[in-house]
Amino acid sequence: MAGSETDALLVDRPESLPATNGADAPKPRSPWWYSWRRLKRNRRALVGLCIVVLLVFLALFADLLAPMDPNRQILEYVEKPSGFKGNVLLARSESSSYGSEMIPIERYRIDGDSVRYVDVLGRDNVIARSALAGADESEWHQEPVYLLGADKFGRDVLSRLIEGGQISLLVGFSAEIIALLIGVTLGALAGYYRGWVDAVVMYMANVIWSFPFILLVIAFSLALGHGLWQSFVAIGVASWVDVCRIVRGQFFSLRETEYVEATRALGFGSVRTIFRHMLPNAIGPITVIATAGFASAIIAEASLSYLGLGVQPPQASWGQMIRDGQGYISAGKNWGLAIYPSIAIALAVFGFNMLGDGLRDAFDPKMRT
Amino acid sequence: MLTFIIRQFLYSILIILGVMTVTFVVVRILPGDPARLMAGQRADLQSIQSLRRQWKLDQPLPVQYIDFLSRAMTGDFGRSFAFNRPVVETIIDKVPATAILALSALTLSSLLGIAIGVVSAWKPNRWFDDAAMLTALLGISVPSFVLAIVLQMIFAYWLHLLPAVNYMIRGGRLDLSYLILPMIGLAARPLSIIARITRSSMLDVLSQDYVRTARAKGLTISATVLKHALRNALNPVITTISAWLAATLAGTLFIELVFNWPGLGSLALNAVQQLDFPIIQGVVLFTAITFVVINFLVDILYSLLDPKVRLS
């Protein structure tokens, strides 16, 4: 077999044997290359990928991208509509954790050493320039724009959406990692050793599977308490069954392949076989189920915070924003407070699901293109 | 055949035992002192302690576990802290409301989902298929409470077409218009999933040799062939529907909250707020055990239809 790698044990390569007179031999392509090509051709999957990348970008740079501090309350601007432009002076303040206090005004005038301004109630006020936060006018006068309006505490909805996105992605990612750790380990063990190991793992999986997912998440969340890490542990521990099933199925078929037999013949230990030779081949389906799991983790986090469990205020979370904004709908105003986070959740999960579908089609061995 | 049924039955019992154990453990980890919660805000130490003894809360966990199991055998799942009624009674009271919602939603999603899936598979990658599958993907991506709120907003508050909240029996009169929005909200996710699975299953069956040959010859597929294809394609669909029967019970959680529907979901959520552990435990057990029973029945059904299942 001139030219072929002796490492044929590692990955199944049906096209990897070049002809002996190398001149017009087709270049060997791995299955990954074909999968990537299929993915690139799938328009929906690409849209999904763009959405996911955008979300990750937002999550990583949330602090820089948010136009305002998500927790900054300006009570005079409560429930202002989308596009509202505020007008504030920043005064130095020791009591505030921000080091400054925002004073909403109508208009102002510089008068020597002090600034005269009219506040939102129409009263005249004076403040010394030394009491303002900053020497330059651009430092102590701001006109913040509430692109999506302000919530019931005068906080910027857009900034809270971005922070909520960061939380959602963080919870989704961490929960999925936990689910993968548990699921892949148990699934690999069950699929490789079979016998009683498989029976025990499948029994545990069936028991957990009998509970409706959301009830399980709520129950774990209650047991662990409110909070960020409690959320993703609750979701992760409720989610491992799907991953386990997929990995187990993969290992069942992989174990019968010739190259695994070869590893046994060569005397490789089980652990080495599992991790270096079998798992890499299972990565395709694992990625697909992980993407779908990420999507359902985002929904689970939103559901938890909608119920008041999970992430607590003042940390922003999409589900919590919906809960707070819900009441406005029946009152007939500010429906954006509930709708914007709803669109955010739908878009995020939609993106992950499109990507997951695309990955599944791309990795499908029956679709050889 | 009989051995298969007995084997499945025993395994189901084992699963139910596992379910009860997990529920027991999780409920015991929940924060809060059950004796104090049962006694109420102004109870004195003595009554709290006597309650603790009565419910064996001062005993070590294994003893409590045996007590829990033996009580369960007699159908005693405790008393609700909030209502001071047996848990079983409280749950059975609320089941009809949830059952109406869940069954109507599931019927809608099954029939419509299968229909959409079949039509999509019939002419794949045409406009209907693309539109339907995109909508289905959206249906899976939107959380149920979000959809419920949006439906409420559009159809009740903006268009005033349907009532926003409450149960359909008001003052002894039945008004089905109250059922429509919650039913749609609940049906959206199962419908989407059933449509997708039906489509892919039908596509698989339609790519079989006999169908391809007929099409290649230019023949229109006869009704009998179509019926055969559908019958074969429905296997995974039935599995999905049965799985969603119990999942829909849990899905009512948010729908009932948004639409103020007095069923199991509302009961469970109130119990969560009030730390009414026996009810939480009861609802979780009820849903899980229902799921196991349904699975068992579906397995038996499959074995009757397909001998290969029995012999595996």
# chains A, B, ... in the order shown; residues from 1 in each chain; ligands from 1
>>> closest_atom_pairs(of="chain A", to="chain B", cutoff="6 Å", atoms="only C-alpha atoms", output="CSV")
residue,atom,partner,partner_atom,distance
A:Val207,CA,B:Ile15,CA,5.6
A:Ser210,CA,B:Ala288,CA,5.1
A:Phe211,CA,B:Ala288,CA,4.9
A:Pro212,CA,B:Ala247,CA,5.6
A:Ala223,CA,B:Leu30,CA,4.3
A:Ala346,CA,B:Val142,CA,5.0
A:Val349,CA,B:Ser141,CA,5.1
A:Phe350,CA,B:Ser141,CA,5.1
>>> residues_around(residues="region 107-114 of chain A", least_positions_apart="5", cutoff="7 Å", atoms="only C-alpha atoms", output="ChimeraX atom specification")
/A:126-129
>>> residues_around(residues="Val118 (chain A)", least_positions_apart="3", cutoff="9 Å", atoms="only C-alpha atoms", output="list of chain:residue names")
A:Ile105, A:Glu106, A:Arg107, A:Tyr108, A:Leu121, A:Gly122, A:Arg123, A:Asp124, A:Asn125, A:Val126
>>> write_last_selection(atoms="C-alpha atoms", output="mmCIF file, in the first residue's frame")
data_model
loop_
_atom_site.group_PDB
_atom_site.id
_atom_site.type_symbol
_atom_site.label_atom_id
_atom_site.label_comp_id
_atom_site.auth_asym_id
_atom_site.auth_seq_id
_atom_site.Cartn_x
_atom_site.Cartn_y
_atom_site.Cartn_z
ATOM 1 C CA ILE A 105 -32.465 67.412 33.210
ATOM 2 C CA GLU A 106 -34.393 69.365 30.635
ATOM 3 C CA ARG A 107 -31.720 71.850 29.768
ATOM 4 C CA TYR A 108 -28.649 73.450 31.310
ATOM 5 C CA LEU A 121 -40.006 68.599 37.177
ATOM 6 C CA GLY A 122 -39.336 72.039 35.803
ATOM 7 C CA ARG A 123 -37.483 73.342 38.845
ATOM 8 C CA ASP A 124 -34.408 75.503 38.620
ATOM 9 C CA ASN A 125 -31.248 74.139 40.166
ATOM 10 C CA VAL A 126 -27.638 75.073 40.512
#
>>> select_by_dssp(residues="region 83-308 of chain A", states="helix (DSSP H, G or I)", output="PyMOL selection string")
chain A and resi 129-131+137-140+157-193+195-210+213-224+228-254+258-265+270-306
>>> closest_residue(among="B:Ala72, B:Ala121, B:Leu301, B:Ile100", to="Ala233 (chain B)", atoms="only C-alpha atoms")
B:Ala121
>>> atom_distance(atom1="CA of Tyr203 (chain A)", atom2="CA of Ile299 (chain A)")
27.0 Å
>>> closest_residue(among="A:Ile322, A:Leu161, A:Ala188, A:Ala199", to="Val271 (chain A)", atoms="only C-alpha atoms")
A:Ala188
>>> closest_residue(among="B:Gly117, B:Pro262, B:Gly282, B:Pro182", to="Leu230 (chain B)", atoms="only C-alpha atoms")
B:Gly117
>>> residues_around(residues="Asp58 (chain B)", least_positions_apart="3", cutoff="12 Å", atoms="only C-alpha atoms", output="list in words")
Asp33, Pro34, Ala35, Ile48, Gln49, Ser50, Leu51, Arg52, Arg53, Gln54, Trp55, Leu61, Pro62, Val63 and Gln64 of chain B
>>> atom_distance(atom1="CA of Ser231 (chain A)", atom2="CA of Ser317 (chain A)")
11.9 Å
>>> atom_distance(atom1="CA of Asp130 (chain B)", atom2="CA of Arg196 (chain B)")
11.4 Å
>>> residues_around(residues="Val205 (chain B)", least_positions_apart="6", cutoff="12 Å", atoms="only C-alpha atoms", output="count of residues only")
19
>>> residues_around(residues="Asn125 (chain B)", least_positions_apart="6", cutoff="12 Å", atoms="only C-alpha atoms", output="PDB file with C-alpha atoms, in the first residue's frame")
ATOM      1  CA  VAL B 119     -47.349  16.588   2.363  1.00  0.00           C
ATOM      2  CA  ALA B 131     -42.033  26.862   4.541  1.00  0.00           C
ATOM      3  CA  ALA B 132     -43.385  24.071   6.730  1.00  0.00           C
ATOM      4  CA  MET B 133     -40.002  22.928   7.949  1.00  0.00           C
ATOM      5  CA  LEU B 134     -38.839  26.463   8.659  1.00  0.00           C
ATOM      6  CA  ARG B 199     -41.389  14.028   7.058  1.00  0.00           C
ATOM      7  CA  LEU B 203     -38.803  10.321   3.026  1.00  0.00           C
TER       8      LEU B 203
END
>>> residues_around(residues="Gly99 (chain A)", least_positions_apart="5", cutoff="10 Å", atoms="only C-alpha atoms", output="compact mmCIF listing (two decimals) with C-alpha atoms, in the first residue's frame")
# COMPACT_ATOMS: atom_id res chain seq x y z
CA LEU A 90 -23.18 63.39 36.01
CA ALA A 91 -22.47 64.52 39.51
CA ARG A 92 -19.81 63.10 41.78
CA SER A 93 -21.27 60.87 44.42
CA GLU A 94 -19.63 58.88 47.16
CA ALA A 133 -17.93 64.16 37.62
>>> closest_residue(among="A:Gly325, A:Gly164, A:Gly336, A:Pro28", to="Gly149 (chain A)", atoms="only C-alpha atoms")
A:Gly336
>>> closest_residue(among="B:Tyr210, B:Ala102, B:Ile180, B:Ala136", to="Met354 (chain A)", atoms="only C-alpha atoms")
B:Ala136
>>> closest_residue(among="B:Ser303, B:Ser207, B:Thr90, B:Ser266", to="Ile5 (chain B)", atoms="only C-alpha atoms")
B:Ser303
>>> decode(residues="region 156-200 of chain B", atoms="C-alpha atoms", output="PDB file, in the first residue's frame")
ATOM      1  CA  ALA B 156     -56.756  38.543  23.143  1.00  0.00           C
ATOM      2  CA  TYR B 157     -55.381  41.979  23.942  1.00  0.00           C
ATOM      3  CA  TRP B 158     -54.934  43.441  20.477  1.00  0.00           C
ATOM      4  CA  LEU B 159     -57.573  41.779  18.349  1.00  0.00           C
ATOM      5  CA  HIS B 160     -60.036  40.939  21.120  1.00  0.00           C
ATOM      6  CA  LEU B 161     -60.909  37.732  19.308  1.00  0.00           C
ATOM      7  CA  LEU B 162     -60.479  35.281  22.146  1.00  0.00           C
ATOM      8  CA  PRO B 163     -60.478  35.452  25.931  1.00  0.00           C
ATOM      9  CA  ALA B 164     -57.099  35.994  27.524  1.00  0.00           C
ATOM     10  CA  VAL B 165     -57.265  33.898  30.631  1.00  0.00           C
ATOM     11  CA  ASN B 166     -59.270  31.448  32.670  1.00  0.00           C
ATOM     12  CA  TYR B 167     -60.857  28.071  32.519  1.00  0.00           C
ATOM     13  CA  MET B 168     -63.623  27.229  30.094  1.00  0.00           C
ATOM     14  CA  ILE B 169     -66.313  26.262  32.566  1.00  0.00           C
ATOM     15  CA  ARG B 170     -67.604  29.496  34.032  1.00  0.00           C
ATOM     16  CA  GLY B 171     -70.648  29.404  36.247  1.00  0.00           C
ATOM     17  CA  GLY B 172     -71.723  25.992  35.022  1.00  0.00           C
ATOM     18  CA  ARG B 173     -71.466  26.913  31.339  1.00  0.00           C
ATOM     19  CA  LEU B 174     -68.958  25.456  28.948  1.00  0.00           C
ATOM     20  CA  ASP B 175     -67.202  27.937  26.674  1.00  0.00           C
ATOM     21  CA  LEU B 176     -64.684  26.351  24.362  1.00  0.00           C
ATOM     22  CA  SER B 177     -63.241  29.656  23.219  1.00  0.00           C
ATOM     23  CA  TYR B 178     -61.196  29.640  26.411  1.00  0.00           C
ATOM     24  CA  LEU B 179     -59.549  26.419  25.313  1.00  0.00           C
ATOM     25  CA  ILE B 180     -58.275  27.613  21.947  1.00  0.00           C
ATOM     26  CA  LEU B 181     -55.294  29.785  22.845  1.00  0.00           C
ATOM     27  CA  PRO B 182     -53.882  27.504  25.569  1.00  0.00           C
ATOM     28  CA  MET B 183     -54.337  24.520  23.295  1.00  0.00           C
ATOM     29  CA  ILE B 184     -52.419  26.157  20.453  1.00  0.00           C
ATOM     30  CA  GLY B 185     -49.707  27.296  22.827  1.00  0.00           C
ATOM     31  CA  LEU B 186     -49.299  23.774  24.117  1.00  0.00           C
ATOM     32  CA  ALA B 187     -49.564  22.088  20.727  1.00  0.00           C
ATOM     33  CA  ALA B 188     -46.932  24.117  18.913  1.00  0.00           C
ATOM     34  CA  ARG B 189     -43.842  22.183  20.014  1.00  0.00           C
ATOM     35  CA  PRO B 190     -45.185  18.639  19.624  1.00  0.00           C
ATOM     36  CA  LEU B 191     -46.683  19.643  16.286  1.00  0.00           C
ATOM     37  CA  SER B 192     -43.345  20.866  15.019  1.00  0.00           C
ATOM     38  CA  ILE B 193     -41.494  17.779  16.155  1.00  0.00           C
ATOM     39  CA  ILE B 194     -44.137  15.380  14.844  1.00  0.00           C
ATOM     40  CA  ALA B 195     -44.142  17.152  11.474  1.00  0.00           C
ATOM     41  CA  ARG B 196     -40.362  16.882  11.215  1.00  0.00           C
ATOM     42  CA  ILE B 197     -40.226  13.238  12.216  1.00  0.00           C
ATOM     43  CA  THR B 198     -43.103  12.301   9.928  1.00  0.00           C
ATOM     44  CA  ARG B 199     -41.389  14.028   7.058  1.00  0.00           C
ATOM     45  CA  SER B 200     -38.050  12.306   7.545  1.00  0.00           C
TER      46      SER B 200
END
